[in-house]
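Asker: One structure is given below, represented as structure tokens, and several questions about it will come after.
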Amino acid sequence: MVHRCLAYAVVVVCSAAPLSLVQAEPRGVVELFTSQGCSSCPPADKLLGELANDPSLVAISVPIDIWDYLGWKDTLADPRNTARQKAYAHVRGDGQIYTPQVVVNGSLHVLGSDKTAIERAIEKTRKNGAMSSPPVTLAMADGRINVAIADAADVHPNAEVWLCGLVKAVTIAIGRGENKGRTITYHNVVRRWLKLGDWAGKTNSWSVPSQTLKGDGIDEAAILLQSGSAEKPKAILGATLAALH
């Protein structure tokens with residue numbers, strides 16, 4: 001069964017530890033909107049774990065709370081994640097909000113358990129200009145997390161730079177609801193969002209204290225360079241992900 005529903009608007013925050021320079025040019029950002037209260041989600045959660053092992057992808061789990069009323073409160077969900085899913089649907093104009101839902105490169109949505117559909121969406125969005133900006137660099141030095149994006153020739157998008165605190169793997173024993181009795185592992189789970197600033201196609205950099213990313217079991221960081229705004233998220237132009245050691 002595929003669930004369908006509504007949500008809210010988007011937001012921010014993050015976490016960390018030591019980390020050497022990382023530069024990545026992934027071909028896709030895969031955001032899985034999932035819920036512990038959704039019986040259709042476990043296959044998608046497992047697939048996200050497989051995609052997370054692909055170095056050409058930034059694959060993240062974005063737990064939402066729309067099914068909490070069914071008898072089990074999602075222990076990883078955040079209303080801001082739900083808001084992000086709704087904001088995507090508003091920008092696309094299709095109103096499609098369900099679980100498991102994958103949004104690829106901030107542009108197309110597909111069923112989260114359909115690997116073939118995800119791959120097709122990655123290729124289609126790249127042809128339409130997603131992931132087309134200069135590489136994003138992420139480095140740790142002197143107790144600070146440093147992010148830089150180079151100049152983009154002849155490109156002047158209105159974009160935002162987001163730092164995301166992730167937990168690489170979280171295993172949850174679900175006691176009630178549609179997944180009662182199941183133990184499920186969630187991968188690259190978003191625990192915080194922090195907007196670093198805006199990017200208009202010119203070289204820019206940002207630096208935050210590593211303590212900003214401390215707590216909630218966060219052991220990874222991802223950077224998303226996304227056109228539009230938090231309220232109106234559009235194509236993702238670049239991204240990278242790194243473990244925090």
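For the structure tokens, the naming scheme is as follows: chains receive sequential letters (A, B, ...) according to their order of presentation, residues are indexed from 1 within each chain, and ligands are indexed from 1 in presentation order.
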Please identify all polymer residues within 9 Å of Ala44 in chain A, counting only C-alpha atoms, omitting same-chain residues fewer than 5 positions from it, and present them as a ChimeraX atom specification.
Answerer: /A:32,34,49,100-102,111-115
Asker: Measuring atom to atom with only C-alpha atoms, identify which of A:Ala141, A:Ala83, A:Cys38, A:Ala222 is nearest to Leu70 in chain A.
Answerer: A:Cys38
Asker: Which residue gives the smallest distance to Ile218 in chain A among A:Ala77, A:Lys234, A:Asn188, A:Pro43, with only C-alpha atoms counted?
Answerer: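 Residue with the minimum atom-to-atom distance to Ile218 in chain A: A:Asn188.
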Asker: From a backbone DSSP assignment, name each residue in range 139-244 of chain A labelled helix (DSSP H, G or I), as a list in words.
Answerer: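 Helix (DSSP H, G or I) members of range 139-244 of chain A, listed: Gly177, Glu178, Asn179, Ser210, Gln211, Thr212 and Leu213 of chain A.
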Asker: Would you mind listing what lies within 6 Å of range 155-170 of chain A as number ranges by chain, with only C-alpha atoms counted and same-chain residues fewer than 4 positions away left out?
Answerer: A: 14-15, 185-201, 218-228
Asker: At what distance in Å, to one decimal, does CA of Ser61 in chain A lie from CA of Leu47 in chain A?
Answerer: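 Between these atoms lies a distance of 10.8 Å.
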Asker: Of the candidates A:Ile97, A:Leu213, A:Ala59, A:Ala87, which one gets nearest to Ala239 in chain A if we count only C-alpha atoms?
Answerer: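 Closest candidate: A:Ala59.
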Asker: Please return, as number ranges by chain, all residues of range 8-232 of chain A that DSSP assigns to strand (DSSP E) on the basis of the backbone.
Answerer: A: 22-24, 28-34, 57-63, 98-99, 101-104, 108-111, 136-141, 144-149, 159-173, 183-199, 204-209, 220-228
Asker: Give me the residues within 10 Å of Pro134 in chain A as a PyMOL selection string, counting only C-alpha atoms and dropping any in the same chain fewer than 6 places off.
Answerer: chain A and resi 24-25+148-153+201+203+237-239
Asker: Have a look at CA of Glu31 in chain A and CA of Val104 in chain A and let me know their distance in Å, one decimal.
Answerer: 6.5 Å
